[in-house]
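**Student:** So here's final_31.cif (mmCIF, C-alpha atoms and all ligand atoms).
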data_model
#
loop_
_atom_site.label_atom_id
_atom_site.label_comp_id
_atom_site.auth_asym_id
_atom_site.auth_seq_id
_atom_site.Cartn_x
_atom_site.Cartn_y
_atom_site.Cartn_z
CA MET A 1 0.00 0.00 0.00
CA GLN A 2 1.16 3.50 -0.84
CA LEU A 3 0.17 5.92 1.92
CA HIS A 4 0.34 9.71 2.13
CA ASP A 5 -0.08 12.53 4.61
CA ALA A 6 -2.08 15.30 2.93
CA HIS A 7 -1.35 17.91 5.62
CA ASN A 8 1.37 18.32 8.20
CA HIS A 9 4.00 20.75 9.52
CA LEU A 10 7.22 18.73 9.30
CA GLN A 11 9.11 22.05 9.50
CA ASP A 12 7.86 22.61 13.06
CA GLU A 13 10.52 23.04 15.73
CA TRP A 14 8.83 20.36 17.87
CA LEU A 15 9.57 17.81 15.12
CA ALA A 16 13.04 19.09 14.21
CA PRO A 17 14.94 17.03 16.84
CA HIS A 18 13.26 13.84 15.54
CA LEU A 19 13.53 14.47 11.79
CA GLU A 20 15.82 11.50 10.99
CA THR A 21 13.62 9.07 12.95
CA ILE A 22 10.47 10.46 11.35
CA ALA A 23 11.90 10.09 7.82
CA LEU A 24 12.87 6.47 8.54
CA ASP A 25 9.55 5.61 10.21
CA CYS A 26 7.58 7.10 7.30
CA ALA A 27 9.58 5.17 4.71
CA ARG A 28 9.07 1.90 6.61
CA ALA A 29 5.34 2.62 7.02
CA GLY A 30 4.92 3.06 3.25
CA ILE A 31 4.31 6.81 3.31
CA THR A 32 5.46 7.88 -0.13
CA ALA A 33 4.38 11.55 -0.08
CA MET A 34 3.31 14.35 2.25
CA VAL A 35 2.29 17.98 1.94
CA VAL A 36 4.26 20.15 4.37
CA ASN A 37 2.45 23.40 5.14
CA GLY A 38 4.17 26.63 6.10
CA THR A 39 2.25 28.87 8.48
CA ALA A 40 4.17 32.18 8.62
CA GLU A 41 7.07 33.98 6.95
CA HIS A 42 9.55 32.65 9.50
CA ASP A 43 8.93 28.99 8.64
CA TRP A 44 8.71 29.18 4.82
CA PRO A 45 12.51 28.78 4.39
CA ARG A 46 12.39 25.59 6.50
CA VAL A 47 9.60 24.17 4.31
CA ALA A 48 11.69 24.96 1.21
CA ALA A 49 14.72 23.23 2.76
CA LEU A 50 12.70 20.06 3.48
CA ALA A 51 11.32 19.99 -0.07
CA ALA A 52 14.86 20.35 -1.44
CA ARG A 53 16.14 17.54 0.78
CA PHE A 54 13.34 14.94 0.59
CA PRO A 55 11.74 13.99 -2.75
CA TRP A 56 8.60 12.87 -0.91
CA VAL A 57 7.95 16.36 0.55
CA HIS A 58 5.52 18.59 -1.36
CA ALA A 59 5.83 22.19 -0.18
CA SER A 60 2.92 24.49 0.56
CA TYR A 61 3.29 28.12 1.65
CA GLY A 62 0.78 30.25 3.45
CA LEU A 63 -0.01 32.60 6.29
CA HIS A 64 -2.12 30.72 8.86
CA PRO A 65 -5.06 32.66 10.38
CA TRP A 66 -3.39 32.43 13.82
CA ASP A 67 -0.26 34.09 12.40
CA VAL A 68 -1.90 36.94 10.51
CA ARG A 69 -0.68 39.53 13.02
CA SER A 70 2.95 38.42 12.62
CA ARG A 71 3.14 39.42 8.94
CA THR A 72 5.59 42.05 7.71
CA PRO A 73 4.72 44.72 5.10
CA GLY A 74 6.44 42.60 2.41
CA TRP A 75 4.73 39.29 3.28
CA HIS A 76 2.75 39.01 0.06
CA GLU A 77 5.78 39.51 -2.20
CA THR A 78 7.76 37.01 -0.12
CA LEU A 79 4.95 34.47 -0.46
CA ARG A 80 4.87 35.01 -4.23
CA SER A 81 8.62 34.46 -4.51
CA PHE A 82 8.44 31.17 -2.55
CA LEU A 83 5.64 29.99 -4.86
CA LEU A 84 7.51 31.05 -8.00
CA GLY A 85 10.58 29.23 -6.68
CA ASP A 86 8.75 25.87 -6.73
CA GLU A 87 6.18 25.42 -9.47
CA GLN A 88 4.77 22.35 -7.69
CA ALA A 89 4.17 24.21 -4.41
CA GLY A 90 0.68 24.77 -3.06
CA VAL A 91 -0.86 27.66 -1.13
CA GLY A 92 -1.59 26.86 2.53
CA GLU A 93 -2.18 26.73 5.33
CA ILE A 94 -4.58 29.63 4.96
CA GLY A 95 -8.06 30.19 6.34
CA ILE A 96 -10.35 31.79 8.86
CA ASP A 97 -10.92 30.95 12.52
CA ARG A 98 -13.62 32.26 14.84
CA TRP A 99 -12.80 29.69 17.57
CA ILE A 100 -9.51 31.41 18.42
CA LEU A 101 -11.41 34.70 18.87
CA GLU A 102 -14.41 33.47 20.83
CA ASP A 103 -13.72 30.09 22.46
CA ALA A 104 -9.99 29.54 22.90
CA ARG A 105 -8.47 29.97 26.34
CA PRO A 106 -4.84 30.92 26.91
CA GLY A 107 -2.76 27.76 26.34
CA ASP A 108 -5.29 26.15 23.97
CA ALA A 109 -3.31 27.25 20.90
CA PRO A 110 0.29 28.33 20.24
CA VAL A 111 -1.00 31.89 19.77
CA ASN A 112 -2.47 33.84 22.67
CA PRO A 113 -6.19 34.33 21.79
CA GLY A 114 -5.81 38.02 22.65
CA ASP A 115 -3.15 38.38 19.93
CA ALA A 116 -5.25 36.86 17.14
CA ALA A 117 -6.36 39.03 14.23
CA SER A 118 -10.04 39.97 13.89
CA LEU A 119 -12.18 37.98 11.46
CA GLN A 120 -12.13 40.99 9.11
CA GLU A 121 -8.33 41.09 9.06
CA GLN A 122 -8.16 37.29 8.66
CA LEU A 123 -10.52 37.52 5.69
CA GLU A 124 -8.41 40.20 3.97
CA VAL A 125 -5.29 38.05 4.27
CA PHE A 126 -7.19 34.91 3.21
CA ARG A 127 -8.54 36.63 0.06
CA ALA A 128 -5.12 37.89 -0.94
CA GLN A 129 -3.71 34.35 -0.69
CA LEU A 130 -6.65 32.76 -2.46
CA ALA A 131 -6.20 35.25 -5.31
CA LEU A 132 -2.51 34.33 -5.55
CA ALA A 133 -3.38 30.62 -5.71
CA VAL A 134 -5.86 31.30 -8.54
CA GLU A 135 -3.38 33.50 -10.40
CA LEU A 136 -0.59 30.90 -10.20
CA ASP A 137 -3.00 27.91 -10.50
CA ARG A 138 -1.88 26.13 -7.31
CA PRO A 139 -3.66 23.72 -4.95
CA VAL A 140 -5.05 25.40 -1.81
CA THR A 141 -5.18 24.06 1.76
CA ILE A 142 -7.74 25.66 4.07
CA HIS A 143 -8.04 25.80 7.86
CA CYS A 144 -11.51 26.68 9.13
CA LEU A 145 -12.83 26.63 12.69
CA ARG A 146 -16.34 27.81 13.52
CA ALA A 147 -16.56 30.07 10.44
CA TRP A 148 -18.19 27.76 7.89
CA GLY A 149 -20.84 30.21 6.66
CA ALA A 150 -18.25 32.94 6.12
CA LEU A 151 -15.96 30.48 4.31
CA ARG A 152 -18.75 29.33 2.01
CA ASP A 153 -19.53 32.95 1.13
CA GLU A 154 -15.86 33.54 0.27
CA LEU A 155 -15.42 30.43 -1.87
CA GLY A 156 -18.71 30.99 -3.67
CA GLY A 157 -17.73 34.60 -4.37
CA THR A 158 -15.53 36.27 -6.92
CA ILE A 159 -12.26 34.41 -6.27
CA ARG A 160 -12.88 30.78 -7.24
CA PRO A 161 -10.02 28.32 -6.76
CA ARG A 162 -10.19 26.49 -10.11
CA ARG A 163 -8.28 23.45 -8.88
CA GLY A 164 -10.51 22.99 -5.87
CA PHE A 165 -9.34 23.25 -2.26
CA LEU A 166 -8.60 20.97 0.68
CA LEU A 167 -10.65 21.49 3.84
CA HIS A 168 -8.03 20.08 6.18
CA ALA A 169 -9.30 18.21 9.28
CA TYR A 170 -12.85 19.01 8.19
CA GLY A 171 -14.98 19.65 11.28
CA GLY A 172 -18.00 21.29 9.70
CA PRO A 173 -21.49 19.79 9.53
CA ALA A 174 -22.15 16.63 7.50
CA GLU A 175 -25.11 18.44 5.92
CA MET A 176 -22.76 20.95 4.27
CA VAL A 177 -20.64 18.27 2.53
CA PRO A 178 -22.62 18.35 -0.76
CA GLU A 179 -22.29 22.16 -0.93
CA TRP A 180 -18.54 21.97 -0.41
CA VAL A 181 -18.24 19.25 -3.04
CA GLU A 182 -20.10 21.48 -5.47
CA LEU A 183 -17.57 24.26 -4.79
CA GLY A 184 -14.64 21.86 -5.43
CA ALA A 185 -13.68 20.64 -1.94
CA TRP A 186 -11.44 17.80 -0.87
CA PHE A 187 -11.68 16.65 2.77
CA SER A 188 -8.86 15.24 4.90
CA PHE A 189 -9.58 12.87 7.78
CA ASN A 190 -7.27 13.65 10.69
CA THR A 191 -5.57 11.20 13.09
CA ALA A 192 -7.38 12.87 16.04
CA PHE A 193 -10.73 11.87 14.48
CA LEU A 194 -9.98 8.28 15.51
CA ASP A 195 -11.33 9.36 18.90
CA PRO A 196 -14.91 7.99 19.06
CA ARG A 197 -15.96 11.21 20.87
CA LYS A 198 -15.35 13.17 17.64
CA THR A 199 -18.88 12.33 16.58
CA ARG A 200 -19.50 15.37 14.36
CA GLN A 201 -16.31 14.83 12.35
CA ARG A 202 -16.90 11.07 12.06
CA ALA A 203 -20.46 11.62 10.83
CA ALA A 204 -19.20 13.98 8.12
CA PHE A 205 -16.52 11.53 6.95
CA ARG A 206 -19.13 8.82 6.47
CA VAL A 207 -20.78 10.91 3.74
CA VAL A 208 -17.81 12.50 1.96
CA PRO A 209 -17.72 11.08 -1.61
CA ALA A 210 -14.91 8.51 -1.96
CA ASP A 211 -13.21 10.48 -4.73
CA ARG A 212 -12.86 13.59 -2.47
CA LEU A 213 -11.26 11.88 0.55
CA LEU A 214 -7.72 12.36 1.87
CA ILE A 215 -5.91 11.51 5.12
CA GLU A 216 -3.66 13.74 7.23
CA SER A 217 -1.79 13.95 10.52
CA ASP A 218 -1.44 17.76 10.98
CA ALA A 219 1.71 16.73 12.90
CA PRO A 220 2.94 17.92 15.34
CA ALA A 221 -0.68 18.82 16.22
CA MET A 222 -3.73 16.54 16.65
CA PRO A 223 -2.26 13.18 17.78
CA PRO A 224 -4.52 10.11 17.69
CA PRO A 225 -6.01 8.96 21.00
CA GLY A 226 -4.28 6.47 23.34
CA ALA A 227 -3.12 3.19 21.83
CA GLN A 228 -3.89 4.41 18.30
CA CYS A 229 -0.76 6.54 18.62
CA ARG A 230 1.61 3.92 17.21
CA TYR A 231 4.49 6.37 16.74
CA PRO A 232 4.88 8.25 20.03
CA LEU A 233 7.30 11.19 20.25
CA PRO A 234 8.56 12.95 23.40
CA ALA A 235 6.22 15.72 24.59
CA ALA A 236 6.98 19.32 23.67
CA PRO A 237 7.55 22.08 26.25
CA GLU A 238 4.67 22.43 28.74
CA GLY A 239 3.92 18.73 28.23
CA ARG A 240 2.07 19.22 24.93
CA PRO A 241 1.65 15.92 23.05
CA VAL A 242 3.42 15.72 19.69
CA ASN A 243 1.96 13.91 16.68
CA HIS A 244 4.12 11.89 14.26
CA PRO A 245 3.22 11.87 10.53
CA ALA A 246 3.43 8.05 10.43
CA ASN A 247 0.40 7.94 12.72
CA VAL A 248 -1.63 8.27 9.50
CA VAL A 249 -1.26 4.46 9.34
CA ALA A 250 -3.84 4.22 12.14
CA ALA A 251 -6.04 6.78 10.37
CA TYR A 252 -6.13 4.61 7.23
CA ALA A 253 -7.29 1.63 9.32
CA GLY A 254 -9.80 3.75 11.27
CA LEU A 255 -11.29 5.45 8.21
CA ALA A 256 -11.57 2.11 6.37
CA GLU A 257 -13.51 0.75 9.35
CA LEU A 258 -15.70 3.88 9.55
CA ARG A 259 -16.62 3.53 5.87
CA GLY A 260 -16.90 -0.27 5.95
CA MET A 261 -14.31 -1.05 3.30
CA PRO A 262 -11.00 -2.95 3.13
CA VAL A 263 -8.02 -0.72 3.94
CA GLU A 264 -6.26 -1.82 0.73
CA ARG A 265 -9.14 -0.48 -1.37
CA LEU A 266 -9.26 2.77 0.62
CA ALA A 267 -5.50 3.25 0.19
CA ALA A 268 -5.74 2.69 -3.58
CA GLN A 269 -8.58 5.24 -3.85
CA LEU A 270 -6.69 7.76 -1.71
CA ALA A 271 -3.47 7.34 -3.70
CA ASP A 272 -5.46 8.25 -6.80
CA ASN A 273 -7.14 11.18 -4.98
CA PHE A 274 -3.80 12.47 -3.69
CA ALA A 275 -2.33 12.56 -7.20
CA ARG A 276 -5.43 14.29 -8.59
CA TRP A 277 -5.54 16.81 -5.73
CA LEU A 278 -1.97 17.91 -6.33
CA SER A 279 -1.78 17.78 -10.09
CA ALA A 280 -5.18 18.11 -11.73
CA ARG A 281 -8.57 19.70 -11.34
CA ALA A 282 -11.17 18.57 -8.84
ZN ZN V 1 -2.16 22.47 10.04
#
In structure tokens, write the structure found in this file.
**Tutor:**
Amino acid sequence: MQLHDAHNHLQDEWLAPHLETIALDCARAGITAMVVNGTAEHDWPRVAALAARFPWVHASYGLHPWDVRSRTPGWHETLRSFLLGDEQAGVGEIGIDRWILEDARPGDAPVNPGDAASLQEQLEVFRAQLALAVELDRPVTIHCLRAWGALRDELGGTIRPRRGFLLHAYGGPAEMVPEWVELGAWFSFNTAFLDPRKTRQRAAFRVVPADRLLIESDAPAMPPPGAQCRYPLPAAPEGRPVNHPANVVAAYAGLAELRGMPVERLAAQLADNFARWLSARA
């Protein structure tokens, strides 16, 4: 079986000390490709370095909604130059997030909720990046928390990503899946969704069309629960658990079970989806 990780942050400093182990574990687990997402100007060079070093790394560059406030006046030109430097690179992780503004408590996220940009400012930065993806015809990876209506309005508006877009770790309602499909969405099932308490996410992933499914770790974030974490890594500062990209192996097994199909058939479908998502139109 050829496996992939459609969304992670291998450039993250929490993973850096374990990079050699992670590369070896992924190779042994059959993970033949991953999309490594930059989140802010400071980590784009590290994403580029990983893509230059490992043939199985696909780079993606973007300003994450949590990092909007960290941008410099030249951020947009810098982003353009990273994208022009790698014609295979995608745009992401970009998006909008109302959770960080209204629900997050200090310590819930790497950014202090008080330092997060307003939804208006997030939307301005999101639009600018979406427009760049359309202009350069690149795949787009989207983060959305508690802002599904606003996201739908954006993607149904004037800037349409022709190649479709990945809703990473989709946590929106199952009822909205057909609307997203119509707009060109792909959906990635995250390792943390192996937790049976993630009922909303699991319900949605039962109804996502098979040809729009992907699997992701979001490592170092969102580790799978308990014994499903087959590739443990030492905790980060403040005891935060650290996810390993090879944990997608458990997500393949869990998603196959959720959808009542053999894991070999799911993996074959997802290998096809992964290639289409990166190279062709939705
Ligand atoms: Zn992410």
**Student:** A:Ile142, A:Leu132, A:Val263, A:Val207: which is nearest ligand ZN 1 (chain V), counting only C-alpha atoms and all ligand atoms?
**Tutor:**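 Closest to ligand ZN 1 (chain V) of all the choices is A:Ile142.
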**Student:** Taking only C-alpha atoms and all ligand atoms into account, which residues are within 10 Å of ligand ZN 1 (chain V), as a list of chain:residue names?
**Tutor:**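 My answer, listing the contacting residues, is A:His7, A:Asn8, A:His9, A:Val36, A:Asn37, A:Gly38, A:Thr39, A:His64, A:Gly92, A:Glu93, A:Ile94, A:Thr141, A:Ile142, A:His143, A:His168, A:Ala169, A:Glu216, A:Ser217, A:Asp218, A:Ala219, A:Pro220, A:Ala221, A:Met222.
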**Student:** For Pro245 in chain A, which of A:Leu123, A:Leu50, A:Val91, A:Leu3 is the closest residue, counting all atoms listed in the file?
**Tutor:**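 The closest residue to Pro245 in chain A is A:Leu3.
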**Student:** Excluding same-chain residues fewer than 5 positions from Ser188 in chain A, what lies within 12 Å of it counting all atoms listed in the file, as a count of residues only?
**Tutor:** 41
**Student:** Find the residue from A:Gln269, A:Thr199, A:Asn190, A:Ser60 that sits nearest to Gln2 in chain A; use all atoms listed in the file when measuring.
**Tutor:**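 Answer, going by the shortest atom-to-atom distance: A:Gln269.
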**Student:** Record the distance separating CA of Cys144 in chain A and CA of Gly85 in chain A, expressed in Å with one decimal.
**Tutor:** 27.3 Å
**Student:** Nearest to Ala16 in chain A among A:Pro65, A:Pro113, A:Pro234, A:Gly254, with distances taken over all atoms listed in the file: which residue is it?
**Tutor:**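 Residue with the minimum atom-to-atom distance to Ala16 in chain A: A:Pro234.
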**Student:** My list of candidates is A:Leu194, A:Ala109, A:Val134, A:Ala227. Which is closest to Ala253 in chain A when distances are computed with only C-alpha atoms?
**Tutor:**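 Smallest distance to Ala253 in chain A is found for A:Leu194.
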**Student:** Check the smallest atom-to-atom distance from each of A:Arg127, A:Arg152, A:Lys198, A:His42 to Asp67 in chain A using all atoms listed in the file, then report the winner.
**Tutor:**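 Closest to Asp67 in chain A of all the choices is A:His42.
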**Student:** Which value, in Å to one decimal, gives the distance between CA of Ser279 in chain A and CA of Val68 in chain A?
**Tutor:**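 Separation between CA of Ser279 in chain A and CA of Val68 in chain A: 28.1 Å.
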**Student:** Grab the CA of Pro173 in chain A to CA of Leu151 in chain A distance for me, in Å with one decimal place.
**Tutor:**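 If I compute the distance from CA of Pro173 in chain A to CA of Leu151 in chain A, I get 13.1 Å.
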